[in-house]
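Undergrad: Mind looking over this structure? Questions follow.
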Amino acid sequence: MKTQNIILSVILMLVLVLSACREVKVTTKINRDGSFTRVILVTGDSAEVQKKTDLPFPVDDTWEMTFGRDTSDTTKFLVTWTKTFRNSDELNAEIQNDTSFYKNIQRDITVKKRFGFFYTYLSFREVYKCMNTFNYLNYKDFMTEEDLQWFNGLKMPLTSVDSTRKNEAEDKADTFFQKSAAAEIGSILKEGIKRLNNPALDTAIVTTYLDAIVNEEKFILWNGENIIDYYHTKSGIDAFLLLKEMQPYLFADYDKKMADVEYILAFQDYKEEVQLPGLITGTNSSIIKGNQVSWQVESSSFFITDFEMYAESRVINYWAFIVAGIVVFGLVVLLVVKAFRR
């Protein structure tokens with residue numbers, strides 16, 4: 001997730017450095033009967049790839065694990081976790097019992113099979129619930145639906161023009177986050193000043209520094225106490241410090257939200273592939289290869305709205321055509337026999 005705000009930039013840079021040593025790919029192979037096999041492949045430059053506490057999905061001893069070196073690059077290691085599920089309810093149950101780093105991320109997977117005589121229809125749907133709690137403002141006032149698709153990865157840049165378009169969407173998302181956080185800061189400070197009822201403080205002064213606070217190259221947006229200190233320094237009014245002493249703490253909810261943002265940014269990007277039997281008839285993926293579709297899942301994918309991945313396929317039931325042919329042939333023979341008898 002690109003951001004101009006120095007706070008988010010620093011955190012994102014840290015995340016990229018920590019996650020650069022390994023790559024994760026999750027592949028779901030769906031069978032005609034609706035069962036499926038999920039394979040988590042981790043490629044890294046050390047034996048630490050065997051760690052399973054920070055994978056995008058929980059794994060336990062019921063998963064089959066293999067470990068070895070990458071034959072194409074012997075300096076890297078490969079680890080795969082594999083498990084077959086009879087239905088998506090089994091996998092969702094494991095996700096709900098997740099105790100790993102990503103346990104607070106709500107995910108839901110649905111794999112369905114529908115019989116249509118000549119065809120069997122299979123569908124895959126996976127949803128990441130939105131984690132951003134800074135919704136004081138509406139993102140639709142800052143971004144179009146196309147902007148959102150570039151930002152969350154449903155549209156993938158293939159040309160330099162696409163990359164520019166994606167950067168523009170990321171800038172708009174950054175502006176939305178900053179403005180929404182600042183608007184919430186203003187609301188919190190004004191409410192605190194009203195409750196404090198100190199003659200030295202006036203709610204009008206909050207607006208005076210609200211726009212400037214977004215552009216400050218300090219960690220002021222990240223912590224409520226820093227915000228109060230900022231207003232105290234800029235205004236020279238000592239009464240601002242009294243806001244720190246208010247009970248319950250004025251910025252308790254705000255600080256929790258900022259901690260959630262930091263938590264989201266620590267999410268390691270991974271590639272998700274889904275293989276469906278038959279012909280792909282519908283998907284929101286921009287990458288389709290035969291009967292396989294894929295997405296790049298990032299922290300930005302579910303930062304502003306829910307992130308949904310879906311794909312559908314159609315499998316021909318050849319036996320149904322044979323049965324239908326036999327029935328039609330039998331009817332034709334019957335009609336011919338009746339005609340001769342007449």
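Here's how to read the names in the structure tokens: chain A, B, ... by the order shown, residue numbers from 1 in each chain, ligand numbers from 1 in the order shown.
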Under the rule of at most 12 Å, produce a per-residue listing of region 176-201 of chain A near region 255-277 of chain A: chain, number, name, the closest pair of atoms, and the distance in Å, as JSON lines, using only C-alpha atoms.

TA:
{"residue": "A:Phe177", "atom": "CA", "partner": "A:Val261", "partner_atom": "CA", "distance": 10.3}
{"residue": "A:Gln178", "atom": "CA", "partner": "A:Met258", "partner_atom": "CA", "distance": 11.7}
{"residue": "A:Ala181", "atom": "CA", "partner": "A:Met258", "partner_atom": "CA", "distance": 9.2}
{"residue": "A:Glu184", "atom": "CA", "partner": "A:Lys257", "partner_atom": "CA", "distance": 11.0}
{"residue": "A:Ile185", "atom": "CA", "partner": "A:Asp255", "partner_atom": "CA", "distance": 10.6}
{"residue": "A:Ile188", "atom": "CA", "partner": "A:Asp255", "partner_atom": "CA", "distance": 11.7}

Undergrad: Could you tell me, as an MDAnalysis selection string, which residues of region 36-282 of chain A DSSP assigns to strand (DSSP E) when given the backbone?

TA: chainID A and resid 36:44 64:70 73:85 107:116 119:128 270:275 279:282

Undergrad: Write out as number ranges by chain the residues lying within 7 Å of region 126-137 of chain A, counting only C-alpha atoms and excluding same-chain residues fewer than 5 positions away.

TA: A: 106-110, 180-181, 183-184, 257, 261, 302-310

Undergrad: With distances taken over only C-alpha atoms, which residue among A:Ile30, A:Val49, A:Met143, A:Ala212 lies nearest Lys112 (chain A)?

TA: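 Once distances to Lys112 (chain A) are computed over only C-alpha atoms, the minimum belongs to A:Ile30.
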
Undergrad: Find the residue from A:Phe36, A:Tyr139, A:Tyr121, A:Phe57 that sits nearest to Ser88 (chain A); use only C-alpha atoms when measuring.

TA: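 Answer, going by the shortest atom-to-atom distance: A:Phe36.
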
Undergrad: Using only C-alpha atoms, which of A:Glu48, A:Asp229, A:Lys83, A:Ser299 sits nearest Met65 (chain A)?

TA: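 Of A:Glu48, A:Asp229, A:Lys83, A:Ser299, the one nearest Met65 (chain A) is A:Lys83, counting only C-alpha atoms.
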
Undergrad: Grab the CA of Gln296 (chain A) to CA of Phe124 (chain A) distance for me, in Å with one decimal place.

TA: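 So the two atoms, CA of Gln296 (chain A) and CA of Phe124 (chain A), lie 16.1 Å apart.
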
Undergrad: So which residues touch Ile288 (chain A) within 12 Å, counting only C-alpha atoms, skipping near sequence neighbours fewer than 2 positions away, as a list in words?

TA: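 Listing them by chain and then by number gives Glu273, Val274, Gln275, Leu276, Leu279, Ile280, Thr281, Gly282, Thr283, Asn284, Ser285, Ser286, Gly290, Asn291, Gln292, Val293, Ser294, Trp295, Ala311 and Glu312 of chain A.
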
Undergrad: For the residues selected in the previous step, produce a file with C-alpha atoms as a short mmCIF file (atom, residue, chain, number, x, y, z; two decimals), in the first residue's frame.

TA:
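The file below, part-v4.cif, is the result:
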data_model
loop_
_atom_site.label_atom_id
_atom_site.label_comp_id
_atom_site.auth_asym_id
_atom_site.auth_seq_id
_atom_site.Cartn_x
_atom_site.Cartn_y
_atom_site.Cartn_z
CA GLU A 273 -4.44 -19.32 -7.33
CA VAL A 274 -7.61 -21.31 -7.89
CA GLN A 275 -7.92 -24.19 -10.32
CA LEU A 276 -11.45 -25.21 -11.30
CA LEU A 279 -14.42 -24.09 -18.46
CA ILE A 280 -14.15 -20.80 -16.53
CA THR A 281 -17.46 -18.98 -17.03
CA GLY A 282 -17.02 -16.05 -14.66
CA THR A 283 -14.46 -14.43 -12.37
CA ASN A 284 -13.35 -11.05 -11.06
CA SER A 285 -9.68 -11.99 -11.54
CA SER A 286 -7.75 -10.10 -14.19
CA GLY A 290 -6.97 -21.89 -18.96
CA ASN A 291 -8.96 -23.13 -15.98
CA GLN A 292 -6.79 -21.26 -13.47
CA VAL A 293 -7.32 -17.77 -12.04
CA SER A 294 -5.18 -15.81 -9.60
CA TRP A 295 -5.08 -12.72 -7.43
CA ALA A 311 -14.58 -17.76 -9.95
CA GLU A 312 -17.10 -20.09 -11.58
#

Undergrad: Find the residues around region 196-206 of chain A up to 10 Å (only C-alpha atoms counted), leave out those fewer than 6 positions away in its own chain, and share them as a short mmCIF file (atom, residue, chain, number, x, y, z; two decimals) with N, CA and C atoms, in the first residue's frame.

TA:
data_model
loop_
_atom_site.label_atom_id
_atom_site.label_comp_id
_atom_site.auth_asym_id
_atom_site.auth_seq_id
_atom_site.Cartn_x
_atom_site.Cartn_y
_atom_site.Cartn_z
N ILE A 185 -9.80 13.11 14.41
CA ILE A 185 -9.02 13.84 15.42
C ILE A 185 -9.73 15.12 15.82
N GLY A 186 -10.20 15.86 14.80
CA GLY A 186 -10.91 17.10 15.07
C GLY A 186 -12.15 16.88 15.92
N SER A 187 -12.89 15.85 15.60
CA SER A 187 -14.12 15.55 16.35
C SER A 187 -13.79 15.20 17.81
N ILE A 188 -12.73 14.39 18.01
CA ILE A 188 -12.35 13.97 19.36
C ILE A 188 -11.91 15.17 20.19
N LEU A 189 -11.08 16.04 19.60
CA LEU A 189 -10.58 17.20 20.33
C LEU A 189 -11.71 18.16 20.69
N LYS A 190 -12.60 18.39 19.77
CA LYS A 190 -13.72 19.30 20.04
C LYS A 190 -14.61 18.76 21.16
N TYR A 231 -0.81 20.20 19.50
CA TYR A 231 -1.68 21.37 19.69
C TYR A 231 -1.17 22.27 20.81
N SER A 235 -0.13 26.06 19.79
CA SER A 235 -0.99 27.12 20.34
C SER A 235 -0.36 27.83 21.52
N ILE A 237 -0.93 27.00 24.51
CA ILE A 237 -1.95 26.97 25.57
C ILE A 237 -1.73 25.74 26.43
N ASP A 238 -1.34 25.95 27.68
CA ASP A 238 -1.05 24.83 28.58
C ASP A 238 -2.28 23.98 28.89
N ALA A 239 -3.46 24.57 28.77
CA ALA A 239 -4.69 23.85 29.10
C ALA A 239 -4.90 22.64 28.21
N PHE A 240 -4.25 22.61 27.02
CA PHE A 240 -4.38 21.45 26.13
C PHE A 240 -3.89 20.18 26.81
N LEU A 242 -4.34 19.23 29.71
CA LEU A 242 -5.36 18.67 30.60
C LEU A 242 -6.18 17.59 29.90
N LEU A 243 -6.17 17.62 28.56
CA LEU A 243 -6.91 16.61 27.80
C LEU A 243 -6.33 15.22 28.02
N MET A 246 -8.01 13.37 31.08
CA MET A 246 -9.44 13.07 31.10
C MET A 246 -9.67 11.56 31.16
#

Undergrad: What's the separation between CA of Ser160 (chain A) and CA of Thr175 (chain A), in Å to one decimal place?

TA: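 One can read the CA of Ser160 (chain A) to CA of Thr175 (chain A) distance as 22.7 Å.
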
Undergrad: Considering only C-alpha atoms, can you say which of A:Asn92, A:Gly278, A:Gly224, A:Phe176 comes closest to Ile316 (chain A)?

TA: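 Closest to Ile316 (chain A) of all the choices is A:Gly278.
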
Undergrad: Nearest to Arg86 (chain A): which of A:Asn31, A:Thr144, A:Thr66, A:Thr99 is it, counting only C-alpha atoms?

TA: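 Of all the options, A:Asn31 lies closest to Arg86 (chain A).
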
Undergrad: Between CA of Lys155 (chain A) and CA of Thr37 (chain A), what distance in Å does the model show, to one decimal?

TA: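 Going from CA of Lys155 (chain A) over to CA of Thr37 (chain A), I get 26.8 Å.
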
Undergrad: Can you list, as an MDAnalysis selection string, all residues belonging to region 54-275 of chain A that DSSP tags as alpha helix (DSSP H)?

TA: chainID A and resid 88:96 145:152 160:196 204:215 224:235 252:265

Undergrad: For Ala182 (chain A), which residue out of A:Thr164, A:Asp211, A:Leu154, A:Asp61 is the nearest one, using only C-alpha atoms?

TA: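 So, comparing all the options, the nearest one is A:Asp211.
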
Undergrad: Contacts of Glu64 (chain A) at 10 Å or less, counting only C-alpha atoms, minus same-chain residues fewer than 5 places along, as a ChimeraX atom specification?

TA: /A:39,59,80-84
